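Peer 1: Below is a structure I'd like to ask you about.
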Amino acid sequence: MRLIETIEELKQWVSENKATGAGIGLVPTMGFLHEGHMKLVETAKRENDVVLMSIFVNPAQFGPNEDFERYPRDMERDQELAQTAGADAIFAPSAGEIYPRESAIVISAGRLADQLCGKSRPGHFDGVLKVVTKLFHLSEADRAYFGQKDAQQLAIIESLVEDFNFPLEIRRVETVREPDGLAKSSRNIYLTGQERAEAPHLKKALEMGKQLAIGGMDPIPAMTDYLGENCSGTIDYIQLLSYPDLTENVTGEAILALAVQFEKARLIDNLLFTIKGN
C-alpha cells in the first residue's frame, strides 16, 4: 500500500491508474479508523479496481470551541487497518498542503445545513464541502463512499454532486454498530464507563421513535422522555425530516435523527425508513 502526502504525488498515482483504465474508489476519512471505515473500504474494493483512502483531520469543519486539537490521531495504526481492509493507497496531506492559502471562494451548504447537526454547528458543512470538493477533483474518483451514520453530511454531499454535475457516484454504506447497537465512532473513546453503558439507549430510542412515526404519531416527546430516563447526556436535537431534502414535509423516505452531548463526546445516530402517505 502506498502512502501519499503531497498533491503532486497524488496526481501521479491517479494518472498511473487512469492510464491502465482502472476505476478509482475514494473513501474520505479523518482517520482513527474503526469497523465503519473498514466497511467503506471493503465495499469500495468490491466495486472498483483500486481504492484510495484519504486521512485528513479537516480544520475547516471544526468550530472555534470544538475538538480539532484533541481529535484522535494514530497514523501507524490507520495504515495497518487500511491495508488489511484492502486500500491501495492513503492520501494523508498536511493542512498546509490542502489549504496553502486562504480561499476567496466560499462553498455554502445552504438550507440543508439549517437542520440537525448544522443548526448548532454553523459553518461545519461548508468546511466539509470545501474539503470533499478538493478530494473529488484531485482523486478523479469514479465513486466515493460515505457512511449513513453521518446522514446529513451524506445528503449535503449528494446534493453537491447532483447540483454541480460532479463526474462521480456517491455510494451510501449502512451504519456499522457495536453488538449492543451503539454506532461506531472515533469519538466513542471519550465516553466514561457509565456513559458507554448508557449510549446504546440512543439506538433504542430511535427504534421506538421509528415505530411511532410509521404509525403516524409524533415520536419526539416519547423519545425525549426515554432518553431523559436512561441517559445522563444532554439532548442536542431529535428531528424527523424527509430525506435527503431535509424538510419537515415527511412523506416517503424519512430520517429520524438525534444528537446527545455527553461530558466529552457528542454522539449522533439516525435511522432511514419509509413513511407512507395518506
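Residues are named by chain letter and number: chains run A, B, ... in the order of the C-alpha cells, numbers start at 1 in each chain, and ligands are numbered from 1 in the order shown.
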Please identify all polymer residues within 8 Å of Ala87 of chain A, counting only C-alpha atoms, omitting same-chain residues fewer than 6 positions from it, and present them as a PDB file with C-alpha atoms, in the first residue's frame.

Peer 2:
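To be explicit, this is the file written out as selection_8.pdb:
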ATOM      1  CA  MET A   1       0.000   0.000   0.000  1.00  0.00           C
ATOM      2  CA  VAL A  41     -13.081   0.296   2.093  1.00  0.00           C
ATOM      3  CA  LYS A  45     -12.845  -2.672  -3.122  1.00  0.00           C
ATOM      4  CA  VAL A  50      -8.251   0.449  -6.833  1.00  0.00           C
ATOM      5  CA  VAL A  51      -9.217   2.170  -3.577  1.00  0.00           C
ATOM      6  CA  LEU A  52      -7.832   5.467  -2.322  1.00  0.00           C
ATOM      7  CA  MET A  53      -8.465   6.369   1.310  1.00  0.00           C
TER       8      MET A  53
END

Peer 1: Would you kindly return, as a PyMOL selection string, each protein, DNA or RNA residue with an atom no farther than 10 Å from any atom of Ser159 of chain A, considering only C-alpha atoms and excluding same-chain residues fewer than 6 positions away?

Peer 2: chain A and resi 109+112+153+165+170+244-245

Peer 1: Write out the residues from the selection above, keeping N, CA and C atoms, as a JSON list (two decimals), in the first residue's frame.

Peer 2:
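As written to disk, again.json reads:
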[["chain", "number", "residue", "atom", "x", "y", "z"],
["A", 109, "ALA", "N", -23.36, 25.19, 2.17],
["A", 109, "ALA", "CA", -24.33, 24.10, 2.17],
["A", 109, "ALA", "C", -25.77, 24.60, 2.12],
["A", 112, "LEU", "N", -29.74, 23.17, 3.57],
["A", 112, "LEU", "CA", -29.56, 21.79, 4.04],
["A", 112, "LEU", "C", -28.77, 21.76, 5.35],
["A", 153, "GLN", "N", -24.52, 14.93, 6.47],
["A", 153, "GLN", "CA", -23.35, 15.11, 5.61],
["A", 153, "GLN", "C", -23.55, 14.40, 4.27],
["A", 165, "ASN", "N", -23.05, 18.63, -11.04],
["A", 165, "ASN", "CA", -22.64, 17.67, -12.09],
["A", 165, "ASN", "C", -21.22, 17.14, -11.91],
["A", 170, "ILE", "N", -21.93, 8.91, -5.68],
["A", 170, "ILE", "CA", -21.86, 8.81, -4.22],
["A", 170, "ILE", "C", -22.54, 7.52, -3.79],
["A", 244, "PRO", "N", -33.56, 12.78, 1.06],
["A", 244, "PRO", "CA", -32.42, 13.57, 1.54],
["A", 244, "PRO", "C", -32.62, 15.09, 1.51],
["A", 245, "ASP", "N", -33.85, 15.58, 1.25],
["A", 245, "ASP", "CA", -34.01, 17.02, 1.12],
["A", 245, "ASP", "C", -34.17, 17.74, 2.46]]

Peer 1: Using only C-alpha atoms, which residues sit within 9 Å of Arg2 of chain A once same-chain residues fewer than 4 positions away are excluded, as a list in words?

Peer 2: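 Listing them by chain and then by number gives Ala87, Asp88, Ala89, Ile90 and Phe91 of chain A.
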
Peer 1: Please tabulate, as a Markdown table, the residues of segment 92-208 of chain A that come within 10 Å of segment 13-23 of chain A, each with its closest pair of atoms and the distance in Å to one decimal, counting only C-alpha atoms and ordering rows by chain, then residue number upward.

Peer 2:
| residue | atom | partner | partner_atom | distance |
| --- | --- | --- | --- | --- |
| A:Leu138 | CA | A:Val14 | CA | 8.2 |
| A:Ser139 | CA | A:Val14 | CA | 6.4 |
| A:Glu140 | CA | A:Val14 | CA | 7.2 |
| A:Ala141 | CA | A:Gly23 | CA | 7.3 |
| A:Asp142 | CA | A:Gly23 | CA | 6.1 |
| A:Arg143 | CA | A:Gly23 | CA | 8.4 |

Peer 1: Please save N, CA and C atoms of the selected residues as a PDB file, in the first residue's frame.

Peer 2:
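Output contents, as saved in out37.pdb:
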ATOM      1  N   LEU A 138      -9.117  16.049  -7.059  1.00  0.00           N
ATOM      2  CA  LEU A 138      -7.753  15.521  -7.045  1.00  0.00           C
ATOM      3  C   LEU A 138      -7.704  14.023  -7.305  1.00  0.00           C
ATOM      4  N   SER A 139      -8.679  13.288  -6.774  1.00  0.00           N
ATOM      5  CA  SER A 139      -8.672  11.826  -6.903  1.00  0.00           C
ATOM      6  C   SER A 139      -9.205  11.344  -8.245  1.00  0.00           C
ATOM      7  N   GLU A 140     -10.011  12.194  -8.906  1.00  0.00           N
ATOM      8  CA  GLU A 140     -10.697  11.799 -10.142  1.00  0.00           C
ATOM      9  C   GLU A 140     -11.426  10.458  -9.954  1.00  0.00           C
ATOM     10  N   ALA A 141     -12.007  10.282  -8.765  1.00  0.00           N
ATOM     11  CA  ALA A 141     -12.651   9.014  -8.413  1.00  0.00           C
ATOM     12  C   ALA A 141     -13.908   8.775  -9.244  1.00  0.00           C
ATOM     13  N   ASP A 142     -14.182   7.506  -9.474  1.00  0.00           N
ATOM     14  CA  ASP A 142     -15.426   7.115 -10.136  1.00  0.00           C
ATOM     15  C   ASP A 142     -16.565   7.041  -9.127  1.00  0.00           C
ATOM     16  N   ARG A 143     -16.235   6.662  -7.903  1.00  0.00           N
ATOM     17  CA  ARG A 143     -17.222   6.538  -6.830  1.00  0.00           C
ATOM     18  C   ARG A 143     -16.585   6.984  -5.516  1.00  0.00           C
TER      19      ARG A 143
END

Peer 1: Need the shell around Gln194 of chain A: protein/DNA/RNA residues with any atom at most 10 Å away, counting only C-alpha atoms. Skip same-chain ones fewer than 3 positions apart. Format as a PyMOL selection string?

Peer 2: chain A and resi 191+197-199+231-232

Peer 1: Please provide the set of residues having any atom within 8 Å of Arg171 of chain A, restricted to only C-alpha atoms, with same-chain residues fewer than 3 positions apart removed, written as an mmCIF file with N, CA and C atoms, in the first residue's frame.

Peer 2:
data_model
loop_
_atom_site.group_PDB
_atom_site.id
_atom_site.type_symbol
_atom_site.label_atom_id
_atom_site.label_comp_id
_atom_site.auth_asym_id
_atom_site.auth_seq_id
_atom_site.Cartn_x
_atom_site.Cartn_y
_atom_site.Cartn_z
ATOM 1 N N ARG A 143 -16.235 6.662 -7.903
ATOM 2 C CA ARG A 143 -17.222 6.538 -6.830
ATOM 3 C C ARG A 143 -16.585 6.984 -5.516
ATOM 4 N N ALA A 144 -17.398 7.591 -4.648
ATOM 5 C CA ALA A 144 -16.938 7.964 -3.306
ATOM 6 C C ALA A 144 -17.900 7.382 -2.288
ATOM 7 N N TYR A 145 -17.370 6.943 -1.147
ATOM 8 C CA TYR A 145 -18.120 6.133 -0.190
ATOM 9 C C TYR A 145 -18.252 6.867 1.147
ATOM 10 N N PHE A 146 -19.513 6.946 1.622
ATOM 11 C CA PHE A 146 -19.804 7.640 2.875
ATOM 12 C C PHE A 146 -20.782 6.803 3.690
#

Peer 1: With a distance cut-off of 9 Å and only C-alpha atoms, select the neighbouring residues of Ala183 of chain A, excluding the residue or stretch itself and same-chain residues fewer than 5 positions from it, and output the selection as a count of residues only.

Peer 2: 12

Peer 1: Report the distance between atom CA of Val27 of chain A and atom CA of Ser54 of chain A in Å, rounded to one decimal place.

Peer 2: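 Computing the Euclidean distance for atom CA of Val27 of chain A and atom CA of Ser54 of chain A yields 6.3 Å.
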